[in-house]
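Down below is the structure, laid out as structure tokens.
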Amino acid sequence: MKTEQIKIFDTTLRDGEQAPGYSMHLDEKLRMAQQLEALGVDVIEAGFAIASPGDFQSVTEISKTVKTATVASLCRALVKDIDAAAKAVKPAAHARIHTFIATSDLHLKYKLKISRADCLRQIKEMVAYARNLCGEVEFSAEDASRTDLDFLCKATETAIKAGASVVNLPDTVGYSTPEEIYRMIKTVHDKVPNMDQAILSMHCHDDLGLAVANSLAGVMAGARQVECTICGIGERAGNAAMEEIAMGLRVRHDYYKGIYCNLKTEELMRTANLLATITGIKTAPNKAIVGANAFAHESGIHQHGVLANAETYEIMTPESVGVKKTELVLGKHSGRHAFAERLKELGYDFEEDKIDQLFGEFKQLADEKKVIAERDLIALAESKITVRREPKTEWKLDNFVVNSGNLMSTTAQVTLSKGGKIKQEVALATGPVYASFAAIEKIIGHKFTLEDYQIHAVTEHRDALGEVIVKIKDKKGMYRGRGVSTDIIKGSILALLSAVNRMVNDKGE
Ligand code: KIV
Ligand code: ZN
């Protein structure tokens, strides 16, 4: 059978990051970009360079870090946007400008207030302008699925003539059905005279829950790039979920005629877990492919079948998406070598001094917990990951004392250090976390509101590590922090301090 590869274009860090609750800090985006590269995505859309100085910096830093994948920046079909995108992706080994303009009559009339002729002129001029600044240009016809088909063919032809090597036809509002998408792609593919000089791409939103089905219908009709995100995060109901696209093609290669992508699907679970760790938003248990229940068989009949032959109820192996059957454990007698090896197996490439530091924390944890599971190691390792962050003077926990009970007010005394200076404060409140946070607010002398607080046990059993995620807000923005400890008050303080350090560094304090 003749097989063909499709390119996977990840937009977790752009369309995904636009979704409420999913915004990421620079170091988190860099960490995610590294993992996306390990997963084997072909293109990483790193941001929308002109949107903010933070977005510009993220695109630039990701461009410097990523080695094999292409790095793209989104931009409107406007000179100032394209200039910003070109500048931001310049350091990339493989750079792409991704420029777009809407093509549907609805958008032309009410949003852009231009005619079809104006739209074609802008495509021609701006794609050519972008092509002069960057070797690779992708053009997107926003709201393509609601665009008159003849006009969409004209827009595609114009973009290719002006130098676009990828033309993306999004279902921007998630309105279409798979049959309609098939027809759109097949028509453009077969009718556009210069189609042999570019590839077609799909970008589907999930407003009707059809994003993956629509993307795969586009692939069947001739699209050779799919734009998607980890766990389908994205604007409104989200984008097509990358893990579903990849496993759909892999499991049903018979149906999809051998069309494949280059993802290392064994990295899918790790990537989804990383996204959840970074954003503090847990993957839904029933999420296809990477949800906690995706391979759990609860009913007796199913369990019986799976034990007799896994294929009775499993259409793919857990290992093929990175779920391990047995979790290898470490304990307090494990040496540094075994510890470092396990970190490497888990995909962490730390410098020796970081490993020493982590090993110290591991030993301390092993004193508190009999068995250290992989999930504990991941929680420890993730709390140490800072990629390309300037070393800054930060608030650190020195010590804390909390007095609490059901017949008294709670008091917390917290001592922090920063740049060699020690500061201590006491606060009274209705609970230990509240009191500790109030003491910290007094020490740092900066008002903030607590927007979200989540705590969960990393593993089962009473001695589990507690992982705490906090979100705080001041006038300038929202800051997230994460802390892990077997003591949930300490974990909460560490989480708050990581958010506080982001907040004060952002203000240059
Ligand atoms: O949904 C959409 O149309 C987009 C484009 C800008 C690519 O995100
Ligand atoms: Zn989109």
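Going through the structure tokens in order, the chains are called A, B, and so on, while each chain numbers its residues from 1 and the ligands are numbered from 1 in the order shown.
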Enumerate, in order of chain and increasing residue number, the residues of chain A with an atom no farther than 12 Å from ligand 2, each with its shortest atom pair and distance in Å to one decimal, counting only C-alpha atoms and all ligand atoms, as a tab-separated table.
residue	atom	partner	partner_atom_place_in_ligand_line	distance
A:Asp10	CA	ligand 2	1 (Zn)	11.3
A:Thr11	CA	ligand 2	1 (Zn)	8.5
A:Thr12	CA	ligand 2	1 (Zn)	10.4
A:Leu13	CA	ligand 2	1 (Zn)	11.7
A:Arg14	CA	ligand 2	1 (Zn)	8.8
A:Asp15	CA	ligand 2	1 (Zn)	5.6
A:Gly16	CA	ligand 2	1 (Zn)	8.5
A:Glu17	CA	ligand 2	1 (Zn)	10.9
A:Gln18	CA	ligand 2	1 (Zn)	9.4
A:Ala19	CA	ligand 2	1 (Zn)	10.5
A:Glu45	CA	ligand 2	1 (Zn)	11.5
A:Phe48	CA	ligand 2	1 (Zn)	12.0
A:Leu74	CA	ligand 2	1 (Zn)	10.6
A:Phe100	CA	ligand 2	1 (Zn)	10.9
A:Ala102	CA	ligand 2	1 (Zn)	11.9
A:Ser140	CA	ligand 2	1 (Zn)	10.0
A:Ala141	CA	ligand 2	1 (Zn)	11.0
A:Glu142	CA	ligand 2	1 (Zn)	8.4
A:Asp143	CA	ligand 2	1 (Zn)	9.4
A:Ala144	CA	ligand 2	1 (Zn)	11.4
A:Asn168	CA	ligand 2	1 (Zn)	10.7
A:Leu169	CA	ligand 2	1 (Zn)	10.4
A:Pro170	CA	ligand 2	1 (Zn)	7.1
A:Asp171	CA	ligand 2	1 (Zn)	7.9
A:Thr172	CA	ligand 2	1 (Zn)	5.6
A:Val173	CA	ligand 2	1 (Zn)	8.1
A:Gly174	CA	ligand 2	1 (Zn)	9.3
A:Met202	CA	ligand 2	1 (Zn)	10.2
A:His203	CA	ligand 2	1 (Zn)	6.5
A:Cys204	CA	ligand 2	1 (Zn)	6.9
A:His205	CA	ligand 2	1 (Zn)	6.4
A:Asp206	CA	ligand 2	1 (Zn)	9.8
A:Asp207	CA	ligand 2	1 (Zn)	11.3
A:Ala211	CA	ligand 2	1 (Zn)	10.8
A:Val226	CA	ligand 2	1 (Zn)	11.9
A:Glu227	CA	ligand 2	1 (Zn)	8.7
A:Cys228	CA	ligand 2	1 (Zn)	9.0
A:Thr229	CA	ligand 2	1 (Zn)	10.1
A:Gly232	CA	ligand 2	1 (Zn)	11.0
A:Ile233	CA	ligand 2	1 (Zn)	10.4
A:Gly234	CA	ligand 2	1 (Zn)	7.2
A:Glu235	CA	ligand 2	1 (Zn)	6.6
A:Arg236	CA	ligand 2	1 (Zn)	9.5
A:Ala237	CA	ligand 2	1 (Zn)	10.5
A:Gly238	CA	ligand 2	1 (Zn)	8.1
A:Asn239	CA	ligand 2	1 (Zn)	6.8
A:Ala240	CA	ligand 2	1 (Zn)	9.6
Name all residues at most 12 Å from Lys287 (chain A) (count only C-alpha atoms; drop same-chain ones fewer than 4 positions away) and give them as an mmCIF file with all heavy atoms, in the first residue's frame.
data_model
loop_
_atom_site.group_PDB
_atom_site.id
_atom_site.type_symbol
_atom_site.label_atom_id
_atom_site.label_comp_id
_atom_site.auth_asym_id
_atom_site.auth_seq_id
_atom_site.Cartn_x
_atom_site.Cartn_y
_atom_site.Cartn_z
ATOM 1 N N ILE A 230 -2.953 19.752 22.179
ATOM 2 C CA ILE A 230 -2.982 18.673 23.167
ATOM 3 C C ILE A 230 -4.304 18.768 23.934
ATOM 4 O O ILE A 230 -4.680 19.848 24.408
ATOM 5 C CB ILE A 230 -1.786 18.798 24.149
ATOM 6 C CG1 ILE A 230 -0.457 18.737 23.386
ATOM 7 C CG2 ILE A 230 -1.857 17.722 25.231
ATOM 8 C CD1 ILE A 230 -0.204 17.459 22.646
ATOM 9 N N CYS A 231 -4.989 17.673 24.035
ATOM 10 C CA CYS A 231 -6.293 17.558 24.717
ATOM 11 C C CYS A 231 -7.358 18.458 24.093
ATOM 12 O O CYS A 231 -8.394 18.701 24.717
ATOM 13 C CB CYS A 231 -6.163 17.858 26.214
ATOM 14 S SG CYS A 231 -5.229 16.611 27.061
ATOM 15 N N GLY A 232 -7.089 18.972 22.910
ATOM 16 C CA GLY A 232 -8.097 19.766 22.206
ATOM 17 C C GLY A 232 -8.373 21.122 22.843
ATOM 18 O O GLY A 232 -9.432 21.712 22.601
ATOM 19 N N ILE A 233 -7.415 21.646 23.623
ATOM 20 C CA ILE A 233 -7.681 22.960 24.224
ATOM 21 C C ILE A 233 -7.669 24.034 23.124
ATOM 22 O O ILE A 233 -7.012 23.877 22.092
ATOM 23 C CB ILE A 233 -6.683 23.312 25.362
ATOM 24 C CG1 ILE A 233 -5.271 23.547 24.827
ATOM 25 C CG2 ILE A 233 -6.683 22.215 26.429
ATOM 26 C CD1 ILE A 233 -4.339 24.195 25.843
ATOM 27 N N ALA A 241 -8.257 17.516 18.923
ATOM 28 C CA ALA A 241 -7.286 16.970 19.884
ATOM 29 C C ALA A 241 -6.229 16.153 19.140
ATOM 30 O O ALA A 241 -6.555 15.199 18.427
ATOM 31 C CB ALA A 241 -8.007 16.093 20.900
ATOM 32 N N GLU A 243 -4.005 14.003 20.161
ATOM 33 C CA GLU A 243 -3.870 12.579 20.500
ATOM 34 C C GLU A 243 -4.933 11.745 19.776
ATOM 35 O O GLU A 243 -4.698 10.590 19.427
ATOM 36 C CB GLU A 243 -3.943 12.375 22.023
ATOM 37 C CG GLU A 243 -5.222 12.794 22.720
ATOM 38 C CD GLU A 243 -5.313 14.292 22.994
ATOM 39 O OE1 GLU A 243 -4.436 15.045 22.558
ATOM 40 O OE2 GLU A 243 -6.290 14.712 23.648
ATOM 41 N N GLU A 244 -6.092 12.356 19.530
ATOM 42 C CA GLU A 244 -7.163 11.614 18.847
ATOM 43 C C GLU A 244 -6.861 11.485 17.350
ATOM 44 O O GLU A 244 -7.114 10.454 16.732
ATOM 45 C CB GLU A 244 -8.516 12.302 19.089
ATOM 46 C CG GLU A 244 -8.903 12.265 20.555
ATOM 47 C CD GLU A 244 -10.190 13.023 20.867
ATOM 48 O OE1 GLU A 244 -11.045 13.156 19.976
ATOM 49 O OE2 GLU A 244 -10.326 13.477 22.014
ATOM 50 N N MET A 269 0.788 10.567 26.537
ATOM 51 C CA MET A 269 0.323 10.674 27.921
ATOM 52 C C MET A 269 1.191 11.665 28.704
ATOM 53 O O MET A 269 0.691 12.506 29.437
ATOM 54 C CB MET A 269 0.342 9.290 28.567
ATOM 55 C CG MET A 269 -0.264 9.261 29.925
ATOM 56 S SD MET A 269 -1.960 9.852 29.902
ATOM 57 C CE MET A 269 -2.848 8.366 29.981
ATOM 58 N N ALA A 272 0.223 15.208 27.729
ATOM 59 C CA ALA A 272 -1.056 15.637 28.323
ATOM 60 C C ALA A 272 -0.892 15.886 29.821
ATOM 61 O O ALA A 272 -1.432 16.860 30.365
ATOM 62 C CB ALA A 272 -2.124 14.570 28.078
ATOM 63 N N LYS A 282 -6.960 19.697 35.317
ATOM 64 C CA LYS A 282 -6.830 18.238 35.177
ATOM 65 C C LYS A 282 -7.509 17.743 33.905
ATOM 66 O O LYS A 282 -8.538 18.276 33.492
ATOM 67 C CB LYS A 282 -7.479 17.537 36.373
ATOM 68 C CG LYS A 282 -6.791 17.847 37.672
ATOM 69 C CD LYS A 282 -5.729 16.808 38.000
ATOM 70 C CE LYS A 282 -4.636 17.331 38.896
ATOM 71 N NZ LYS A 282 -3.468 17.925 38.293
ATOM 72 N N THR A 283 -6.926 16.705 33.310
ATOM 73 C CA THR A 283 -7.541 16.074 32.141
ATOM 74 C C THR A 283 -8.810 15.358 32.611
ATOM 75 O O THR A 283 -8.786 14.663 33.635
ATOM 76 C CB THR A 283 -6.567 15.023 31.556
ATOM 77 O OG1 THR A 283 -5.291 15.632 31.414
ATOM 78 C CG2 THR A 283 -7.048 14.518 30.217
ATOM 79 N N GLY A 291 -7.203 10.198 29.034
ATOM 80 C CA GLY A 291 -7.929 10.312 30.304
ATOM 81 C C GLY A 291 -7.587 9.139 31.208
ATOM 82 O O GLY A 291 -7.215 8.059 30.730
ATOM 83 N N ALA A 292 -7.728 9.332 32.531
ATOM 84 C CA ALA A 292 -7.367 8.278 33.483
ATOM 85 C C ALA A 292 -8.197 7.013 33.255
ATOM 86 O O ALA A 292 -7.756 5.908 33.566
ATOM 87 C CB ALA A 292 -7.556 8.791 34.906
ATOM 88 N N ASN A 293 -9.409 7.160 32.724
ATOM 89 C CA ASN A 293 -10.260 5.977 32.527
ATOM 90 C C ASN A 293 -10.159 5.368 31.130
ATOM 91 O O ASN A 293 -10.858 4.403 30.826
ATOM 92 C CB ASN A 293 -11.739 6.349 32.755
ATOM 93 C CG ASN A 293 -12.008 6.698 34.201
ATOM 94 O OD1 ASN A 293 -11.152 6.489 35.059
ATOM 95 N ND2 ASN A 293 -13.188 7.234 34.482
ATOM 96 N N ALA A 294 -9.309 5.968 30.288
ATOM 97 C CA ALA A 294 -9.287 5.526 28.882
ATOM 98 C C ALA A 294 -8.953 4.037 28.743
ATOM 99 O O ALA A 294 -9.361 3.395 27.779
ATOM 100 C CB ALA A 294 -8.314 6.376 28.075
ATOM 101 N N PHE A 295 -8.207 3.502 29.714
ATOM 102 C CA PHE A 295 -7.857 2.075 29.643
ATOM 103 C C PHE A 295 -8.339 1.308 30.875
ATOM 104 O O PHE A 295 -7.853 0.225 31.169
ATOM 105 C CB PHE A 295 -6.348 1.909 29.467
ATOM 106 C CG PHE A 295 -5.863 2.461 28.156
ATOM 107 C CD1 PHE A 295 -5.359 3.756 28.077
ATOM 108 C CD2 PHE A 295 -5.944 1.711 26.992
ATOM 109 C CE1 PHE A 295 -4.943 4.286 26.870
ATOM 110 C CE2 PHE A 295 -5.534 2.229 25.785
ATOM 111 C CZ PHE A 295 -5.037 3.519 25.711
ATOM 112 N N ALA A 296 -9.292 1.905 31.624
ATOM 113 C CA ALA A 296 -9.775 1.239 32.837
ATOM 114 C C ALA A 296 -11.007 0.414 32.480
ATOM 115 O O ALA A 296 -11.900 0.901 31.786
ATOM 116 C CB ALA A 296 -10.127 2.290 33.882
#
For region 475-490 of chain A, find every residue with an atom within 10 Å (counting only C-alpha atoms), except residues of its own chain fewer than 6 positions away, and show them as a VMD selection string.
chain A and resid 21 23 to 25 277 to 280 365 368 to 369 376 379 to 380 382 to 383 397 399 to 402 432 to 434 436 to 437 447 to 458 462 to 469 496 to 504 506 to 507
Tell me, as an MDAnalysis selection string, which residues lie within 7 Å of region 353-360 of chain A, counting only C-alpha atoms; anything in the same chain fewer than 4 positions away does not count.
chainID A and resid 336 340 364
Put those residues in a file: C-alpha atoms, as an mmCIF file, in the first residue's frame.
data_model
loop_
_atom_site.group_PDB
_atom_site.id
_atom_site.type_symbol
_atom_site.label_atom_id
_atom_site.label_comp_id
_atom_site.auth_asym_id
_atom_site.auth_seq_id
_atom_site.Cartn_x
_atom_site.Cartn_y
_atom_site.Cartn_z
ATOM 1 C CA ARG A 336 21.880 8.613 43.221
ATOM 2 C CA ALA A 340 19.357 9.876 37.960
ATOM 3 C CA GLN A 364 13.962 13.722 52.398
#
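The space between CA of Ser334 (chain A) and CA of Glu460 (chain A) spans 20.9 Å.
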What are the DSSP strand (DSSP E or B) residues of region 14-260 of chain A, as a ChimeraX atom specification?
/A:43-47,70-76,95-102,137-142,166-171,199-205,225-229,239,241,260
Polymer residues at most 7 Å from Thr156 (chain A), only C-alpha atoms, same-chain spacing of 4 or more positions, as a VMD selection string:
chain A and resid 152 160 167
Leaving out Val188 (chain A) and any residue of its chain fewer than 5 positions from it, which residues lie within 12 Å of it when counting only C-alpha atoms, given as a ChimeraX atom specification?
/A:144-145,147-157,167-169,181-183,193-196,198-201,218,221-223
